[in-house]
Structures are given as structure tokens and as C-alpha cells.
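Student: One structure coming up, written as C-alpha cells, with questions to follow.
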Amino acid sequence: MKPSMAHNTGECAFRLLGPIEVSVGSRVLELRGVRQRALLARLVLAQGRVVPVDTLARDVWNGNPPSSARTQVSICVAALRKLFRDAGAGDDVITTTAPGYRLAPTCHWTDLAEFAEKTDEGYELARQGRAGQAAERLHEALTLWRGPAFADLTSDFAELEAVHLAQQRILATEQLMVLRLELGEHRSLVSELTALVRENPLREQLRACLMLAQHRSGQRADALRTFREGRALTIDELGLEPGADLRSVHDQILHDEPEPSAPAGPSLPLIPRQVRVPSQLPADSIVFTGRRAELRHMDEALAPRNPDRGALVCCIVGPPGTGKSALAVHWGHRAAADFPGGRLYADLRETAGRPPRHAAGQVLRGFLRALGVPPRQIPTGLEECATLYRSLLADRQAFIVLDHASSYEQIGPLLPGDGPCRVVVTGSELLMDGGTAKVLRLGGLAQDEAERLLAQSAGAGRIAADPVGTATLVRFCARLPVALRAAGARLAGKPHWTVADLVERMTDRHRLLDVLDHGENSVRACFDRALHLLSSEVADHYDRLGAVTAPAFDVWTGADVLDLGVRDAEDALERLVDLHLLEVAGRDDCGTLLYRLPALLRLHAAERHAALPRAVAWRRELALTAPGAATTIAPRHGIDRG
């Protein structure tokens with residue numbers, strides 16, 4: 001709808017590029033309080049999509065809503081509806097659509113949409129070489145601004161969106177300056193560009209435009225001084241020399257060379273018109289087998305049917321080696337046609353050791369490049385990157401895999417906002433609750449699926465020839481995909497072995513992990529990688545539990561092994577349960593909780609425990625204090641002291 005339509009009787013206009021202003025026809029409405037403004041702004045930003053009540057509560061109260069927030073949101077919506085109704089706008093401006101509310105997508109005008117439309121038109125006209133018309137469109141877009149966006153609103157979501165909009169505003173301004181230079185308006189631009197450079201001293205595009213305007217106006221000395229001031233500033237504040245484009249303009253002016261009609265550098269919009277469709281998923285596994293029930297669960301949780309539901313998230317959690325990543329990638333390939341907006345993938349193990357916010361920033365910048373944002377136009381701050389990322393994905397049906405996540409702080413900025421995107425997060429622990437994500441807990445394969453996986457690697461005839469041996473092999477592998485692939489690869493590499501030959505080698509528990517260590521299919525390496533993502537304290541607790549030889553143990557045994565008090569030991573054990581490195585084995589006759597390490601993890605922990613310096617010191621102490629008896633001391637509480 002064009003702006004003039006907003007003045008018709010009953011038509012609503014929402015202005016957010018400055019102090020928030022709402023009008024019906026020619027009547028400006030009086031919004032009462034920050035909550036009404038925040039709620040209305042949040043609905044406008046959703047561009048006709050449903051905003052869940054919980055999201056409104058979170059954003060209106062800056063992430064800390066009171067227990068009565070849902071009720072207060074309803075009261076606020078009712079008050080806004082009355083305000084619109086009394087002004088003659090009718091009852092359907094804000095509609096109730098489960099699980100929240102939305103602003104009716106018709107019969108209203110917003111300066112946000114008008115700004116986006118006119119800048120897009122301006123950029124396209126500039127690409128076509130129609131400088132005069134392009135400049136006119138961009139000028140019209142920029143006159144919509146009445147001050148900083150959301151100027152009278154301090155909500156966190158509004159401040160983040162304001163950063164993004166300010167970036168769009170300065171990019172449009174830079175493009176307009178380039179076009180006006182091309183149109184020969186250099187003399188009238190000098191004072192305007194001087195003020196813009198003073199307000200944005202590190203924007204090299206504006207500084208290059210000012211230098212060219214000064215030079216073309218016969219102010220060559222001033223143009224060179226403008227460069228020197230900019231260079232000193234970038235060296236002082238950033239520790240960097242100016243960019244190549246600004247240096248090129250400087251050299252042309254310094255040597256009085258024929259100059260280009262416009263400075264080199266980015267002059268296209270931050271959000272490209274020709275949208276790039278990324279396809280970052282790793283190749284699907286050629287031996288992926290089974291998981292029929294889990295794939296159905298993901299189909300139900302993630303299949304994009306209603307774009308108004310907002311971005312849905314599925315968290316796949318489970319012990320290492322269960323194939324969480326393979327399942328996420330396989331589903332993404334299987335449902336590729338449902339996501340024309342692209343498929344993004346990040347292996348968060350690659351950022352291990354970095355602070356979570358730094359890790360998120362690194363991944364975000366990679367995603368923005370994949371979505372077509374030129375590197376020089378990617379914001380430096382995490383919040384600005386996240387805001388731009390959400391804006392780019394707002395109307396895309398995209399699929400995003402955040403693989404091997406270890407903290408919510410790491411993935412929070414990588415989650416898209418409201419829109420039709422779908423996200424899968426994999427990791428050892430659940431980072432989002434069931435209210436915000438669908439949860440899929442992954443364990444071992446079913447027996448028939450495990451046998452099919454072996455058959456795909458080692459040959460169907462070989463597996464079918466020894467059903468008893470195959471069942472034993474599957475049991476030794478604990479039905480873990482990583483172990484089954486390693487066993488299958490071992491058989492495939494030894495065509496003269498039978499299944500029984502491999503099983504015989506696996507009966508020695510001390511050699512089992514060696515047998516299941518085959519190239520990329522290494523159980524030991526898989527478990528080591530999982531532990532590398534954990535804190536040193538949690539990894540040390542896991543290692544120490546390798547001393548336990550009993551099938552199951554209680555918290556007192558755990559306290560003894562971990563050298564902790566009972567309460568601290570219970571917390572440490574429960575942390576390992578959360579990470580799916582430890583299982584609850586039930587309760588004993590007295591009702592006490594019992595824990596156990598899964599079979600292959602128990603062998604792995606025992607190996608790591610044996611390698612601990614503490615274990616070496618313990619053996620030396622035994623040898624010195626009890627000669628001749630150290631190796632015969634009976635383990636206490638099912639503990640192997642090494």
C-alpha cells in the first residue's frame with residue numbers, strides 16, 4: 001500500500017523509523033506506556049506472521065517476564081484493539097491466531113516496508129545504469145526517517161533491530177552519494193559529505209566520496225587531508241591501514257590521474273536482490289541405515305507446513321557414536337525440496353576452545369557469506385550479525401544444522417527468528433527445553449537395523465551366513481552405529497575373515513577398542529572427540545569413573561572414586577547423566593539410585609583412567625607401602641585402583 005492510502009478512513013499507518021507513531025487515517029493514536037509500543041512494534045516487525053504469546057512476553061519484558069506476563073499481554077492487546085476500534089479501524093487490525101497474535105497483513109502501511117521497497121527499487125535502477133531515477137528512489141527512502149529507529153523504545157529486541165536498520169540506512173546513504181557524484185553534484189555534496197564523515201568517521205565509502213567531491217571541486221589539498229585524517233583514525237582505533245579502495249582513490253588524487261566516475265568499493269545493497277541459495281550440508285552417508293521411527297519423528301516435528309508457526313527446532317541428543325550428525329544430515333538431504341531457501345551447516349566442534357560468543361560470531365559470519373552478503377558489508381559485532389542473519393532468513397524456507405553444540409550461549413545467536421526456517425541441533429546434552437524445541441533422544445539401532453548396517457559394509461551373504469555370530473557381534477558393538485561401521489569396515493578389509501573370526505578377537509575386552517579402531521570409523525576417537533568438548537573437570541570425573549569395575553554403583557562409590565563429598569559427587573554424576581555419558585541403572589533394594597557406564601564407554605573410561613598420572617602415582621604408592629601385596633589387594637566398592 002502506498003503512503004497516501006494510509007490517510008484513508010480506517011487505514012492504519014505504522015511508523016517506526018523514528019519515534020513510534022501509529023495513525024488511523026489522519027488521526028494519530030495516543031499509545032499508552034512502553035508495553036503497548038513494544039508489543040505493537042514486535043507485531044509490525046513480524047510482517048504479518050504470528051508472534052507466539054511467549055515470544056511477546058519475552059521481548060516486551062526484555063527476557064524476564066513476570067508470571068502474569070501472558071495475562072498482561074492479553075490485556076495489552078485488548079487495549080490496543082479498543083484504541084484502533086475507537087479510531088475507526090475495526091476489530092481485525094490485531095488478530096488472534098494460535099499460538100499468539102499477528103497484525104493483519106492487509107489494510108495497513110509501514111515505513112519499514114516502504115523503505116525496503118524504495119531502496120530495492122533504487123539499487124535495481126542503479127544496476128541498470130539509470131542513476132537519476134535511482135537517486136530519486138533512494139532519496140525518497142531516506143526521507144522516511146524521522147530519527148533513529150524505535151527512538152522512544154528501549155526494549156532489547158528493538159535496539160537490535162535498530163542496529164540493523166541503521167546499517168541499511170547508511171548503506172542507502174552511501175549509494176545515494178555515489179549516484180549524486182555520478183550526476184555531477186560534487187560541489188553541493190562537499191558540506192553534506194563532510195557532516196556524514198564526521199558522524200561516521202570509519203565508513204571508508206563515505207570518506208572516498210568526500211575526497212572525490214573535494215577534488216572535483218578544486219579542493220585537492222583538502223581531499224588529501226581527508227585521507228590522512230582517515231588513515232590516522234583507522235591506525236589509531238583499528239590498528240589497520242585503510243582499505244585498498246580508499247587507498248586507490250587517494251593515489252589517483254595524489255598523482256592527479258584521471259579518476260573513475262565513482263569510488264571503487266561496495267555500492268550494492270547489503271541484502272542482494274539475486275539471493276544466493278546455500279547448500280552446505282555434508283554428503284549423505286552411503287551406508288545410512290534404519291532410524292525409520294526417528295525419521296518419522298523429524299518429519300512430524302520439522303516438515304514446513306505453516307510458515308506462521310515460526311522457526312521450529314529439533315534437538316537430537318544422545319551418547320557419542322549414536323549417529324546424531326548422520327541422522328540430521330540424512331534428513332536434510334531427504335527433505336531438501338522443502339527448503340528452497342537453502343541449507344546451512346555448522347560443525348561447532350571447529351570452534352571448540354573459543355568463548356561461546358566468539359564461536360557464534362565466527363559461524364554467523366560464515367553463514368552471512370553463504371547467504372550472499374559481501375565480506376566487507378558484514379557487521380563486526382555479534383548482535384549486529386545476528387540481527388542481519390535473522391532478517392535475511394525472515395522469509396526463507398531454510399534448513400539449518402548446528403552440529404555438536406555444547407552450550408545454549410553458543411547456539412542462541414544462530415537461531416533464526418520468526419519465519420519458516422527449520423533447525424536441527426545435535427549434541428550430547430539437551431540445550432533447549434521441550435517448550436521451545438522438539439526433542440529426539442537417540443540410542444543404539446534396533447537389532448535388525450544394526451544387522452543391515454553390517455551387511456551394507458561387510459556384504460549381505462557374509463552376515464546372513466552366521467546369524468548367531470552376527471547377533472554376538474552386534475551385542476559387542478552395543479548397537480552403536482560408529483562401532484558397527486568400524487566392525488563392518490574391519491570385515492570388509494579382511495575378506496578372508498568370517499564373522500566368527502572377528503567375534504573371537506572381540507571377546508578380549510582389553511582389545512575390543514583396538515578392534516573397533518578402523519580409520520574414520522574409530523570408536524575410541526569418537527569418544528575422545530566428545531570429551532574434548534567438555535570442561536576439564538567433567539572429563540576428569542569421567543576418567544576417574546574408569547576405576548569402577550562393578551556393573552553398577554551408587555553415589556557413595558562415586559564419591560570415593562571422584563574424591564568428593566556425597567552431595568558434590570551426586571551433582572557430578574548427574575552432570576554425566578545429562579551428557580549421556582552415564583546411565584541410571586535403577587535402584588537397589590534400599591531404593592538407592594544406581595549408575596553405570598554404557599559398555600563401550602566403560603572400556604574407554606578404563607583406558608583413560610589407566611593413563612592418568614594419579615593412577616601411576618597410586619601404583620607406585622602401593623608398591624612402596626605393601627611390597628609383594630600391592631597387586632593382590634582386593635578392589636573396594638567395585639573399584640579398580642589401577
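As shown in the C-alpha cells, the chain order sets the letters A, B, ...; within each chain, residues go from 1, and ligands are also counted from 1 in the order they appear.
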Please provide the set of residues having any atom within 12 Å of region 440-444 of chain A, restricted to only C-alpha atoms, with same-chain residues fewer than 6 positions apart removed, written as a CSV table (one decimal) with C-alpha atoms, in the first residue's frame.

Tutor:
chain,number,residue,atom,x,y,z
A,290,GLY,CA,17.4,-47.6,9.7
A,291,ARG,CA,16.1,-44.9,12.0
A,293,ALA,CA,10.9,-44.2,13.7
A,294,GLU,CA,13.3,-41.3,14.3
A,295,LEU,CA,12.9,-40.0,10.7
A,296,ARG,CA,9.1,-40.1,11.1
A,297,HIS,CA,9.5,-38.1,14.3
A,298,MET,CA,11.6,-35.5,12.5
A,299,ASP,CA,9.1,-35.4,9.6
A,300,GLU,CA,6.4,-34.5,12.1
A,301,ALA,CA,8.5,-32.0,14.0
A,302,LEU,CA,10.1,-30.2,11.2
A,313,VAL,CA,13.9,-26.5,16.3
A,314,CYS,CA,14.5,-30.2,16.8
A,315,CYS,CA,17.2,-31.2,19.3
A,316,ILE,CA,18.9,-34.6,18.7
A,317,VAL,CA,20.7,-35.7,21.9
A,318,GLY,CA,22.4,-38.9,22.9
A,319,PRO,CA,25.7,-40.6,23.7
A,320,PRO,CA,28.6,-40.2,21.3
A,321,GLY,CA,28.6,-42.7,18.4
A,322,THR,CA,24.8,-43.0,18.1
A,323,GLY,CA,24.8,-41.2,14.7
A,324,LYS,CA,23.2,-37.8,15.7
A,325,SER,CA,25.0,-35.9,12.9
A,326,ALA,CA,24.4,-38.6,10.3
A,327,LEU,CA,20.6,-38.5,11.1
A,328,ALA,CA,20.4,-34.7,10.9
A,424,VAL,CA,18.3,-29.2,14.0
A,425,VAL,CA,20.7,-29.0,16.9
A,426,THR,CA,22.8,-32.1,17.8
A,427,GLY,CA,24.8,-32.6,20.9
A,428,SER,CA,25.4,-34.8,24.0
A,429,GLU,CA,23.0,-32.8,26.2
A,430,LEU,CA,19.7,-31.1,25.8
A,432,MET,CA,16.6,-26.3,24.9
A,433,ASP,CA,13.6,-27.4,26.8
A,434,GLY,CA,10.6,-29.1,25.3
A,450,ALA,CA,22.2,-53.0,13.1
A,474,VAL,CA,26.0,-56.6,17.3
A,475,ARG,CA,26.0,-57.1,21.1
A,477,CYS,CA,29.1,-53.2,19.3
A,478,ALA,CA,26.3,-52.2,21.7
A,479,ARG,CA,24.3,-51.5,18.6
A,480,LEU,CA,26.2,-48.1,18.2
A,481,PRO,CA,26.4,-47.0,14.6
A,482,VAL,CA,30.0,-45.9,14.9
A,483,ALA,CA,31.0,-49.3,16.3
A,484,LEU,CA,29.0,-51.2,13.8
A,578,ASP,CA,22.8,-35.1,31.4
A,579,LEU,CA,25.7,-35.6,28.9
A,580,HIS,CA,24.6,-39.2,28.2
A,581,LEU,CA,28.0,-40.5,29.3
A,583,GLU,CA,23.2,-44.1,32.7
A,598,PRO,CA,27.5,-47.9,29.0
A,599,ALA,CA,29.6,-50.9,27.9
A,600,LEU,CA,31.9,-49.3,25.3

Student: With only C-alpha atoms as the atoms that count, which of A:Leu454, A:Leu612, A:Ile378, A:Leu593 lies nearest to Ala486 (chain A)?

Tutor: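 Ranked by minimum distance to Ala486 (chain A), first place goes to A:Leu454.
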
Student: Can you tell me which residues surround Arg32 (chain A) at a distance of at most 10 Å, considering only C-alpha atoms, apart from same-chain residues fewer than 5 positions away, and format the answer as a list in words?

Tutor: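 Answer for this query is Arg37, Cys76, Ala79, Leu80 and Leu83 of chain A.
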
Student: Would you mind exporting the chosen residues as a PDB file, in the first residue's frame, restricted to N, CA and C atoms?

Tutor:
ATOM      1  N   ARG A  37       3.714   0.159  23.113  1.00  0.00           N
ATOM      2  CA  ARG A  37       4.604   0.465  21.990  1.00  0.00           C
ATOM      3  C   ARG A  37       5.467  -0.750  21.650  1.00  0.00           C
ATOM      4  N   CYS A  76      -3.043  -6.026  27.205  1.00  0.00           N
ATOM      5  CA  CYS A  76      -2.442  -5.017  26.330  1.00  0.00           C
ATOM      6  C   CYS A  76      -3.033  -5.093  24.920  1.00  0.00           C
ATOM      7  N   ALA A  79      -6.484  -3.606  24.919  1.00  0.00           N
ATOM      8  CA  ALA A  79      -6.450  -2.141  24.950  1.00  0.00           C
ATOM      9  C   ALA A  79      -6.110  -1.570  23.576  1.00  0.00           C
ATOM     10  N   LEU A  80      -5.175  -2.220  22.866  1.00  0.00           N
ATOM     11  CA  LEU A  80      -4.819  -1.748  21.526  1.00  0.00           C
ATOM     12  C   LEU A  80      -5.988  -1.922  20.556  1.00  0.00           C
ATOM     13  N   LEU A  83      -8.324   0.821  21.064  1.00  0.00           N
ATOM     14  CA  LEU A  83      -7.778   2.060  20.528  1.00  0.00           C
ATOM     15  C   LEU A  83      -8.018   2.134  19.016  1.00  0.00           C
TER      16      LEU A  83
END

Student: Give me the residues near Val555 (chain A) as a ChimeraX atom specification, where near means some atom within 10 Å (using only C-alpha atoms) and where sequence neighbours in that chain fewer than 4 positions away do not count.

Tutor: /A:559-561,565-573,592-595

Student: Considering only C-alpha atoms, state which residue in the set A:Leu202, A:Leu40, A:Ala134, A:Gly469 is at the smallest distance from Leu240 (chain A).

Tutor: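 Going through A:Leu202, A:Leu40, A:Ala134, A:Gly469 one by one, the smallest distance to Leu240 (chain A) is for A:Leu202.
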
Student: In Å, how far is it from CA of Val373 (chain A) to CA of Arg247 (chain A)?

Tutor: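 Answer for the CA of Val373 (chain A) to CA of Arg247 (chain A) separation: 23.1 Å.
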
Student: So how many Å separate CA of Thr436 (chain A) and CA of Pro379 (chain A), to one decimal?

Tutor: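 Straight-line distance from CA of Thr436 (chain A) to CA of Pro379 (chain A) works out to 28.3 Å.
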
Student: Mind the document's chain letters and residue numbers, and return as a ChimeraX atom specification the residues of region 386-470 of chain A that DSSP labels helix (DSSP H, G or I).

Tutor: /A:386-393,408-414,447-458,460-464,467-470

Student: Can you measure CA of Leu312 (chain A) to CA of Val60 (chain A) for me? One decimal in Å is fine.

Tutor: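 One can read the CA of Leu312 (chain A) to CA of Val60 (chain A) distance as 21.4 Å.
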
Student: Given the choices A:Gly461, A:Gly546, A:Pro148, A:Gly493, which gets closest to Arg15 (chain A) if the distance is worked out from only C-alpha atoms?

Tutor: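 Between A:Gly461, A:Gly546, A:Pro148, A:Gly493, the residue approaching Arg15 (chain A) most closely is A:Pro148.
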
Student: Using only C-alpha atoms, which protein or nucleic acid residues come within 10 Å of Asp111 (chain A)? Drop anything in the same chain fewer than 2 positions from it, and give the result as a ChimeraX atom specification.

Tutor: /A:2-3,13-18,109,113-117,141,144-145

Student: With N, CA, C and O atoms retained, write the just-selected residues as a PDB file, in the first residue's frame.

Tutor:
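Writing done, so here's selection.pdb:
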ATOM      1  N   LYS A   2       0.565   2.220  -0.798  1.00  0.00           N
ATOM      2  CA  LYS A   2       1.315   3.454  -0.862  1.00  0.00           C
ATOM      3  C   LYS A   2       0.959   4.333   0.327  1.00  0.00           C
ATOM      4  O   LYS A   2      -0.102   4.228   0.925  1.00  0.00           O
ATOM      5  N   PRO A   3       1.854   5.278   0.711  1.00  0.00           N
ATOM      6  CA  PRO A   3       1.615   6.097   1.883  1.00  0.00           C
ATOM      7  C   PRO A   3       0.293   6.831   1.855  1.00  0.00           C
ATOM      8  O   PRO A   3      -0.349   7.011   2.874  1.00  0.00           O
ATOM      9  N   ALA A  13      -1.444   3.375   9.629  1.00  0.00           N
ATOM     10  CA  ALA A  13      -0.049   3.607   9.254  1.00  0.00           C
ATOM     11  C   ALA A  13       0.816   3.426  10.492  1.00  0.00           C
ATOM     12  O   ALA A  13       0.510   3.972  11.560  1.00  0.00           O
ATOM     13  N   PHE A  14       1.887   2.647  10.342  1.00  0.00           N
ATOM     14  CA  PHE A  14       2.810   2.385  11.449  1.00  0.00           C
ATOM     15  C   PHE A  14       4.180   2.927  11.066  1.00  0.00           C
ATOM     16  O   PHE A  14       4.783   2.483  10.087  1.00  0.00           O
ATOM     17  N   ARG A  15       4.664   3.885  11.853  1.00  0.00           N
ATOM     18  CA  ARG A  15       5.958   4.499  11.586  1.00  0.00           C
ATOM     19  C   ARG A  15       6.915   4.157  12.732  1.00  0.00           C
ATOM     20  O   ARG A  15       6.667   4.524  13.886  1.00  0.00           O
ATOM     21  N   LEU A  16       7.994   3.453  12.351  1.00  0.00           N
ATOM     22  CA  LEU A  16       8.981   3.030  13.353  1.00  0.00           C
ATOM     23  C   LEU A  16      10.356   3.638  13.102  1.00  0.00           C
ATOM     24  O   LEU A  16      11.262   3.477  13.931  1.00  0.00           O
ATOM     25  N   LEU A  17      10.533   4.306  11.956  1.00  0.00           N
ATOM     26  CA  LEU A  17      11.829   4.910  11.629  1.00  0.00           C
ATOM     27  C   LEU A  17      11.929   6.286  12.274  1.00  0.00           C
ATOM     28  O   LEU A  17      11.927   7.329  11.626  1.00  0.00           O
ATOM     29  N   GLY A  18      12.016   6.272  13.583  1.00  0.00           N
ATOM     30  CA  GLY A  18      11.985   7.453  14.433  1.00  0.00           C
ATOM     31  C   GLY A  18      11.188   7.086  15.665  1.00  0.00           C
ATOM     32  O   GLY A  18      11.018   5.902  15.980  1.00  0.00           O
ATOM     33  N   TRP A 109      -0.106   0.329   6.336  1.00  0.00           N
ATOM     34  CA  TRP A 109       1.139   0.747   5.698  1.00  0.00           C
ATOM     35  C   TRP A 109       2.188   0.897   6.786  1.00  0.00           C
ATOM     36  O   TRP A 109       1.890   1.321   7.909  1.00  0.00           O
ATOM     37  N   ALA A 113       8.370  -1.203   5.501  1.00  0.00           N
ATOM     38  CA  ALA A 113       8.152  -1.837   4.204  1.00  0.00           C
ATOM     39  C   ALA A 113       8.390  -0.848   3.067  1.00  0.00           C
ATOM     40  O   ALA A 113       8.962  -1.197   2.023  1.00  0.00           O
ATOM     41  N   GLU A 114       7.964   0.402   3.262  1.00  0.00           N
ATOM     42  CA  GLU A 114       8.164   1.420   2.230  1.00  0.00           C
ATOM     43  C   GLU A 114       9.654   1.678   2.001  1.00  0.00           C
ATOM     44  O   GLU A 114      10.110   1.816   0.860  1.00  0.00           O
ATOM     45  N   PHE A 115      10.418   1.743   3.100  1.00  0.00           N
ATOM     46  CA  PHE A 115      11.864   1.964   2.994  1.00  0.00           C
ATOM     47  C   PHE A 115      12.528   0.814   2.232  1.00  0.00           C
ATOM     48  O   PHE A 115      13.353   1.033   1.334  1.00  0.00           O
ATOM     49  N   ALA A 116      12.160  -0.422   2.589  1.00  0.00           N
ATOM     50  CA  ALA A 116      12.745  -1.584   1.919  1.00  0.00           C
ATOM     51  C   ALA A 116      12.390  -1.598   0.436  1.00  0.00           C
ATOM     52  O   ALA A 116      13.243  -1.888  -0.424  1.00  0.00           O
ATOM     53  N   GLU A 117      11.143  -1.268   0.117  1.00  0.00           N
ATOM     54  CA  GLU A 117      10.702  -1.289  -1.279  1.00  0.00           C
ATOM     55  C   GLU A 117      11.432  -0.242  -2.103  1.00  0.00           C
ATOM     56  O   GLU A 117      11.920  -0.528  -3.208  1.00  0.00           O
ATOM     57  N   ALA A 141      13.388   7.094  -0.069  1.00  0.00           N
ATOM     58  CA  ALA A 141      13.509   6.116   1.022  1.00  0.00           C
ATOM     59  C   ALA A 141      14.091   6.762   2.275  1.00  0.00           C
ATOM     60  O   ALA A 141      13.610   6.534   3.394  1.00  0.00           O
ATOM     61  N   LEU A 144      11.994   9.004   4.677  1.00  0.00           N
ATOM     62  CA  LEU A 144      11.056   8.358   5.603  1.00  0.00           C
ATOM     63  C   LEU A 144      11.569   8.372   7.038  1.00  0.00           C
ATOM     64  O   LEU A 144      10.788   8.196   7.975  1.00  0.00           O
ATOM     65  N   TRP A 145      12.857   8.549   7.211  1.00  0.00           N
ATOM     66  CA  TRP A 145      13.456   8.529   8.547  1.00  0.00           C
ATOM     67  C   TRP A 145      13.193   9.855   9.261  1.00  0.00           C
ATOM     68  O   TRP A 145      13.421  10.933   8.720  1.00  0.00           O
TER      69      TRP A 145
END

Student: Can you check which parts of region 503-589 of chain A lie within 12 Å of region 392-407 of chain A? Per residue, the shortest pair of atoms and distance in Å to one decimal, counting only C-alpha atoms, sorted by chain and number, as a tab-separated table.

Tutor:
residue	atom	partner	partner_atom	distance
A:Cys526	CA	A:His404	CA	12.0
A:Arg529	CA	A:His404	CA	10.1
A:Ala530	CA	A:His404	CA	8.5
A:Leu531	CA	A:Ser406	CA	10.9
A:His532	CA	A:Ser406	CA	10.7
A:Leu533	CA	A:Ser406	CA	6.9
A:Leu534	CA	A:Ser406	CA	7.8
A:Ser535	CA	A:Ser406	CA	10.2
A:Asp578	CA	A:Ser406	CA	11.8
A:Leu579	CA	A:Ser406	CA	9.6

Student: Going by DSSP on the backbone, which residues of region 425-524 of chain A come out as strand (DSSP E)? List them as number ranges by chain.

Tutor: A: 425-427, 438-441, 517-518, 521-522

Student: Once you have the residues from the selection above, write them out as a PDB file, in the first residue's frame, restricted to N, CA, C and O atoms.

Tutor:
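Listing of result.pdb after writing:
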ATOM      1  N   VAL A 425      19.529 -29.160  16.065  1.00  0.00           N
ATOM      2  CA  VAL A 425      20.692 -29.003  16.940  1.00  0.00           C
ATOM      3  C   VAL A 425      21.073 -30.386  17.443  1.00  0.00           C
ATOM      4  O   VAL A 425      20.220 -31.116  17.965  1.00  0.00           O
ATOM      5  N   THR A 426      22.321 -30.773  17.267  1.00  0.00           N
ATOM      6  CA  THR A 426      22.771 -32.063  17.793  1.00  0.00           C
ATOM      7  C   THR A 426      23.790 -31.830  18.901  1.00  0.00           C
ATOM      8  O   THR A 426      24.534 -30.854  18.880  1.00  0.00           O
ATOM      9  N   GLY A 427      23.817 -32.734  19.857  1.00  0.00           N
ATOM     10  CA  GLY A 427      24.779 -32.624  20.943  1.00  0.00           C
ATOM     11  C   GLY A 427      24.565 -33.705  21.977  1.00  0.00           C
ATOM     12  O   GLY A 427      23.598 -34.474  21.912  1.00  0.00           O
ATOM     13  N   LYS A 438      11.495 -29.479  19.787  1.00  0.00           N
ATOM     14  CA  LYS A 438      11.146 -30.897  19.799  1.00  0.00           C
ATOM     15  C   LYS A 438      12.406 -31.679  20.144  1.00  0.00           C
ATOM     16  O   LYS A 438      13.495 -31.357  19.668  1.00  0.00           O
ATOM     17  N   VAL A 439      12.260 -32.692  20.977  1.00  0.00           N
ATOM     18  CA  VAL A 439      13.428 -33.431  21.473  1.00  0.00           C
ATOM     19  C   VAL A 439      13.394 -34.853  20.930  1.00  0.00           C
ATOM     20  O   VAL A 439      12.366 -35.531  20.985  1.00  0.00           O
ATOM     21  N   LEU A 440      14.522 -35.289  20.413  1.00  0.00           N
ATOM     22  CA  LEU A 440      14.677 -36.654  19.923  1.00  0.00           C
ATOM     23  C   LEU A 440      15.895 -37.255  20.605  1.00  0.00           C
ATOM     24  O   LEU A 440      17.023 -36.826  20.375  1.00  0.00           O
ATOM     25  N   ARG A 441      15.659 -38.234  21.484  1.00  0.00           N
ATOM     26  CA  ARG A 441      16.753 -38.892  22.207  1.00  0.00           C
ATOM     27  C   ARG A 441      17.172 -40.122  21.413  1.00  0.00           C
ATOM     28  O   ARG A 441      16.365 -41.009  21.161  1.00  0.00           O
ATOM     29  N   ASP A 517      38.829 -49.864  16.019  1.00  0.00           N
ATOM     30  CA  ASP A 517      39.576 -48.656  15.653  1.00  0.00           C
ATOM     31  C   ASP A 517      40.017 -48.826  14.208  1.00  0.00           C
ATOM     32  O   ASP A 517      41.049 -49.437  13.918  1.00  0.00           O
ATOM     33  N   HIS A 518      39.204 -48.303  13.282  1.00  0.00           N
ATOM     34  CA  HIS A 518      39.481 -48.550  11.866  1.00  0.00           C
ATOM     35  C   HIS A 518      39.268 -47.264  11.083  1.00  0.00           C
ATOM     36  O   HIS A 518      38.152 -46.915  10.698  1.00  0.00           O
ATOM     37  N   ASN A 521      36.269 -44.721  11.120  1.00  0.00           N
ATOM     38  CA  ASN A 521      35.306 -45.398  11.993  1.00  0.00           C
ATOM     39  C   ASN A 521      36.031 -45.909  13.236  1.00  0.00           C
ATOM     40  O   ASN A 521      36.243 -47.098  13.411  1.00  0.00           O
ATOM     41  N   SER A 522      36.412 -44.984  14.102  1.00  0.00           N
ATOM     42  CA  SER A 522      37.132 -45.339  15.323  1.00  0.00           C
ATOM     43  C   SER A 522      36.278 -44.987  16.524  1.00  0.00           C
ATOM     44  O   SER A 522      35.960 -43.809  16.751  1.00  0.00           O
TER      45      SER A 522
END

Student: Restricting the calculation to only C-alpha atoms: of A:Val24, A:Val287, A:Val329, A:Leu382, which residue gets closest to Gly488 (chain A)?

Tutor: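 Comparing A:Val24, A:Val287, A:Val329, A:Leu382 against Gly488 (chain A), the winner is A:Val287.
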
Student: Nearest to Val503 (chain A): which of A:Leu473, A:Val363, A:Val22, A:Val538 is it, counting only C-alpha atoms?

Tutor: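 Of all the options, A:Leu473 lies closest to Val503 (chain A).
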